[in-house]
Amino acid sequence: MLTQLREIVEKVATAPSLLDALEQLVISTCKAMKTECCSVYIADHQRQRFTLMATKGLKKPHRHVGLPFGKGLVGLVADRAEPINVADARHHPHFKHLPGIGEESFSSFFGTPIIHQRQVLGVLVIQQREQREFDESEESFMVTLAAQLAVLLAHAKAQGMWPDQHNGLHLMGSAASTGVAVARAWWDDNQPRLELVAPASCLDRDAEQERLSIAIELASAEFRRLRKRFDSELHKETLAIFDLFSHLLNDPMLRKDLSHKIAGGDMAEWAIRQVVEIYSVRFSNMEDAYLKERVQDIRELGQRLLYFLANEKATEHSWDEPVVLLTRELTAAMLASVPRDKLAAVVSQEGAANSHAAILSRALGIPAVMGVDFVPEKIHNSQVIVDGYRGDLLVNPNRHVLAEYLRLQKEEQELAEVVETGLDKPAATLDDERINIFLNAGLSADTSIAVNRGVDGVGLYRTEVPFLLQRSFPSEEEQTQQYQSILKTYGGKPVVMRTLDIGGDKPLPYLAIEEDNPFLGWRGIRFTLDHPEIFLIQVRAMLKASIGHDNMDILLPMISGIAELDDSLALIERAYTEVAKTAADQGYVLRRPRVGIMIEVPSILYQLPALKGRVDYISVGSNDLTQYLLAVDRNNSRVAGIYDALHPAVIHALKHIIDVSQQLELPVSVCGELAGDPIGALLLVGIGYRSLSMNTRNVAKIKYILRHVSVSDMEQLAEFALSATYADEVRRNTIEFVDGHGLGGFIRAGK
């Protein structure tokens with residue numbers, strides 16, 4: 001039956017329309033199951049009814065025939081969200097006769113729900129004249145078929161091919177840059193596609209080398225121009241994206257590889273595709289989302305080279321009004337091609353929230369949604385809404401939806417103006433309790449370390465970035481210079497530098513690591529303890545960089561037990577002794593850095609008392625702590641919905657950490673995403689935390705919220721959260737709390 005199932009799915013998937021697909025489905029299912037009737041009922045959630053969309057065996061009249069939700073056996077299948085197998089359907093208490101379709105001649109009934117992401121999209125039914133229950137193999141076949149059909153129906157719904165879609169098209173992707181935009185959509189497809197470049201040989205290899213050299217020079221000039229254009233709008237760490245492209249274009253190894261392909265007789269286009277694919281493989285095989293998305297940067301580089309092989313300059317367009325830029329794959333060059341005052345938002349079919357194009361979108365304040373499965377011809381020049389908070393694209397919305405989003409857009413603009421004016425004010429609560437606000441920093445998806453306004457320092461600096469952008473381990477001197485620039489930027493303010501957090505889920509390009517379960521594998525401190533030479537070089541570089549600045553602390557990631565901590569401390573002490581002696585010989589004094597650990601592995605929750613006397617502070621990584629507590633890979637779309645930092649288990653773990661830390665008199669902060677979320681920040685302060693570290697874009701918002709709420713009110717909020725059974729209870733209660741304090745407009749931005 002597996003072969004039959006595959007054949008049915010293939011026929012349905014290749015049908016030209018949804019109705020054709022459903023017709024193919026019912027015919028093929030009747031044949032495979034050797035039954036007399038098969039029907040598909042599609043859910044119309046707006047009208048609260050199931051419509052008979054396709055059938056073989058019943059009479060389908062010209063008008064739509066259907067059942068209200070909750071009625072008949074079809075409604076019962078949907079309500080229970082499970083199959084129902086009945087030998088004599090006509091005598092079942094839920095049977096409802098539909099006149100005019102001839103179902104009274106059928107006795108046996110088997111119906112199974114078509115469910116996608118917990119939503120019932122329809123019901124698949126088979127019937128037979130004789131009274132009998134369908135056997136287990138038949139049930140299994142139908143349930144499997146319905147699961148396959150759910151994916152196809154969900155895709156059809158997303159593409160606007162759903163029957164009687166009344167409220168325009170609603171497409172979903174990944175939120176990459178927050179904000180709301182309402183404008184006309186404009187489709188840009190002038191970018192060359194690497195995957196369409198076919199193998200081709202050249203006749204004149206010298207001429208082909210010249211073509212490539214010119215393309216490289218034109219691309220380099222473009223990236224320099226883009227950097228100059230954004231110089232006044234972006235901070236230096238974001239501008240480093242363009243420096244990275246320029247560095248790659250001038251990389252001798254890259255040029256050598258391209259030249260070698262052409263010397264072998266390949267045309268420049270084919271040489272570029274081959275080399276880009278080789279360079280991309282190492283990143284595409286990585287588990288870590290941020291590193292995986294570096295493939296997009298390499299592809300962008302290749303695409304710009306292809307573009308300049310065919311064009312002497314970039315294409316320029318003009319618009320009378322702001323547009324939502326639709327593209328197959330968003331690039332930095334595309335963002336620069338549209339004047340800032342004419343770019344309302346961007347929506348991309350490919351790419352993800354951590355691509356460098358997404359970073360630029362955030363830095364420029366442009367709403368962006370990535371990974372949207374849209375048909376350009378259906379959307380181009382249509383009025384659209386881009387919801388950069390939820391990752392939604394709404395096409396031709398009705399007037400009620402449009403009015404609501406215009407209201408939200410106006411509210412968002414007003415809130416942004418309000419919170420920005422208070423950025424330099426301290427984060428003191430309504431009853432004057434001081435909350436320390438730090439940055440999560442590094443050349444990552446969300447932040448620019450050059451921002452030195454309104455923060456008390458850097459709560460988390462990710463040191464792995466220099467390791468990821470090179471072909472080999474950076475030298476001690478290279479690391480020292482990198483760390484010095486950070487410490488200098490935040491002179492007089494503490495900077496917490498996390499040691500190399502790399503391994504199974506974030507392998508280095510030059511050190512392949514393959515594991516079945518990388519999130520539970522060779523990562524973080526496990527990797528560096530197995531490579532003490534790498535650890536010692538990094539710690540010495542940190543210590544050398546701190547001389548004269550005296551504002552550097554060290555943070556150890558992924559500590560799961562005291563043995564790992566003791567081994568790490570011994571190596572840090574060894575490095576300190578070496579650097580302190582050298583510094584003293586040169587007339588300098590090396591301040592002993594504070595050392596802390598990240599609380600992200602649940603096992604350490606039960607060894608907190610043993611930290612007394614060993615560490616100077618602790619920092620809670622709420623992202624990994626939530627992931628490990630709930631046994632959920634938050635990068636896995638199938639279970640990402642289970643990942644919830646408001647889960648009661650997470651709330652209680654956070655409470656346990658702060659209580660024990662206070663008993664031990666250990667300073668504690670939270671550096672995960674929860675700290676930068678309005679709901680999370682209120683709960684964390686209510687639980688007892690007084691130091692929060694977050695991404696740049698959240699600083700002004702969180703400071704504003706905290707200034708308008710008292711600690712006593714937040715403590716009451718936390719008490720409810722600690723007594724709740726469900727995460728939804730916590731969320732609903734906190735939303736009511738925020739609304740009650742006149743801060744409801746911030747919740748959307750926190751989702």
# chains A, B, ... in the order shown; residues from 1 in each chain; ligands from 1
>>> residues_around(residues="A:Gly459", least_positions_apart="3", cutoff="7 Å", atoms="only C-alpha atoms", output="list of chain:residue names")
A:Phe438, A:Leu439, A:Asn440, A:Val495, A:Val496, A:Cys671, A:Ser693
>>> select_by_dssp(residues="stretch 352-490 of chain A", states="strand (DSSP E or B)", output="PyMOL selection string")
chain A and resi 368-370+383-387+392-395+428+434+436-441+458-462
>>> residues_around(residues="A:His708", least_positions_apart="5", cutoff="10 Å", atoms="only C-alpha atoms", output="PyMOL selection string")
chain A and resi 427-431+703+741-743
>>> write_last_selection(atoms="C-alpha atoms", output="PDB file, in the first residue's frame")
ATOM      1  CA  ALA A 427      16.083  52.170  34.328  1.00  0.00           C
ATOM      2  CA  ALA A 428      14.496  52.957  37.694  1.00  0.00           C
ATOM      3  CA  THR A 429      11.074  51.518  38.521  1.00  0.00           C
ATOM      4  CA  LEU A 430       8.085  53.601  39.566  1.00  0.00           C
ATOM      5  CA  ASP A 431       9.120  53.094  43.217  1.00  0.00           C
ATOM      6  CA  LYS A 703      13.693  50.909  30.197  1.00  0.00           C
ATOM      7  CA  HIS A 741      -0.796  50.018  33.346  1.00  0.00           C
ATOM      8  CA  GLY A 742      -1.471  51.702  30.005  1.00  0.00           C
ATOM      9  CA  LEU A 743       1.417  49.882  28.293  1.00  0.00           C
TER      10      LEU A 743
END
>>> closest_residue(among="A:Leu406, A:Ala200, A:Val86, A:Cys37", to="A:Gln274", atoms="only C-alpha atoms")
A:Ala200
>>> residues_around(residues="A:Ser723", least_positions_apart="3", cutoff="10 Å", atoms="only C-alpha atoms", output="number ranges by chain")
A: 648, 651-652, 718-720, 726, 729-730
>>> write_last_selection(atoms="C-alpha atoms", output="PDB file, in the first residue's frame")
ATOM      1  CA  PRO A 648       5.785  27.066  34.588  1.00  0.00           C
ATOM      2  CA  ILE A 651       9.465  30.238  35.739  1.00  0.00           C
ATOM      3  CA  HIS A 652      10.150  28.014  38.760  1.00  0.00           C
ATOM      4  CA  ALA A 718       5.361  37.014  39.475  1.00  0.00           C
ATOM      5  CA  GLU A 719       3.419  35.398  42.331  1.00  0.00           C
ATOM      6  CA  PHE A 720       0.603  34.586  39.942  1.00  0.00           C
ATOM      7  CA  TYR A 726      -0.152  26.707  32.031  1.00  0.00           C
ATOM      8  CA  GLU A 729      -2.306  31.606  31.973  1.00  0.00           C
ATOM      9  CA  VAL A 730       0.919  33.477  32.620  1.00  0.00           C
TER      10      VAL A 730
END
>>> residues_around(residues="A:Leu393", least_positions_apart="5", cutoff="6 Å", atoms="only C-alpha atoms", output="MDAnalysis selection string")
chainID A and resid 170:171 385:386
>>> decode(residues="stretch 244-256 of chain A", atoms="N, CA, C and O atoms", output="compact mmCIF listing (two decimals), in the first residue's frame")
# COMPACT_ATOMS: atom_id res chain seq x y z
N LEU A 244 33.17 42.66 5.36
CA LEU A 244 33.30 41.22 5.20
C LEU A 244 33.23 40.84 3.72
O LEU A 244 34.03 40.05 3.22
N PHE A 245 32.26 41.44 3.00
CA PHE A 245 32.14 41.15 1.56
C PHE A 245 33.41 41.58 0.83
O PHE A 245 33.93 40.85 -0.03
N SER A 246 33.91 42.76 1.15
CA SER A 246 35.13 43.25 0.50
C SER A 246 36.31 42.34 0.82
O SER A 246 37.14 42.05 -0.05
N HIS A 247 36.37 41.89 2.09
CA HIS A 247 37.45 40.99 2.49
C HIS A 247 37.41 39.69 1.69
O HIS A 247 38.44 39.20 1.22
N LEU A 248 36.20 39.15 1.52
CA LEU A 248 36.06 37.90 0.78
C LEU A 248 36.46 38.08 -0.68
O LEU A 248 37.13 37.23 -1.27
N LEU A 249 36.04 39.21 -1.28
CA LEU A 249 36.37 39.45 -2.68
C LEU A 249 37.87 39.60 -2.90
O LEU A 249 38.38 39.28 -3.98
N ASN A 250 38.55 40.09 -1.89
CA ASN A 250 40.00 40.28 -2.01
C ASN A 250 40.79 39.12 -1.44
O ASN A 250 42.03 39.18 -1.39
N ASP A 251 40.08 38.09 -1.01
CA ASP A 251 40.76 36.94 -0.41
C ASP A 251 41.56 36.20 -1.48
O ASP A 251 41.00 35.77 -2.50
N PRO A 252 42.86 36.04 -1.30
CA PRO A 252 43.70 35.38 -2.31
C PRO A 252 43.23 33.96 -2.63
O PRO A 252 43.29 33.52 -3.78
N MET A 253 42.75 33.24 -1.61
CA MET A 253 42.33 31.88 -1.83
C MET A 253 41.09 31.82 -2.72
O MET A 253 41.00 30.98 -3.63
N LEU A 254 40.13 32.72 -2.48
CA LEU A 254 38.94 32.75 -3.32
C LEU A 254 39.30 33.07 -4.76
O LEU A 254 38.85 32.41 -5.70
N ARG A 255 40.13 34.10 -4.94
CA ARG A 255 40.52 34.48 -6.30
C ARG A 255 41.29 33.34 -6.98
O ARG A 255 41.12 33.08 -8.17
N LYS A 256 42.12 32.67 -6.20
CA LYS A 256 42.89 31.55 -6.76
C LYS A 256 41.97 30.43 -7.20
O LYS A 256 42.15 29.85 -8.29
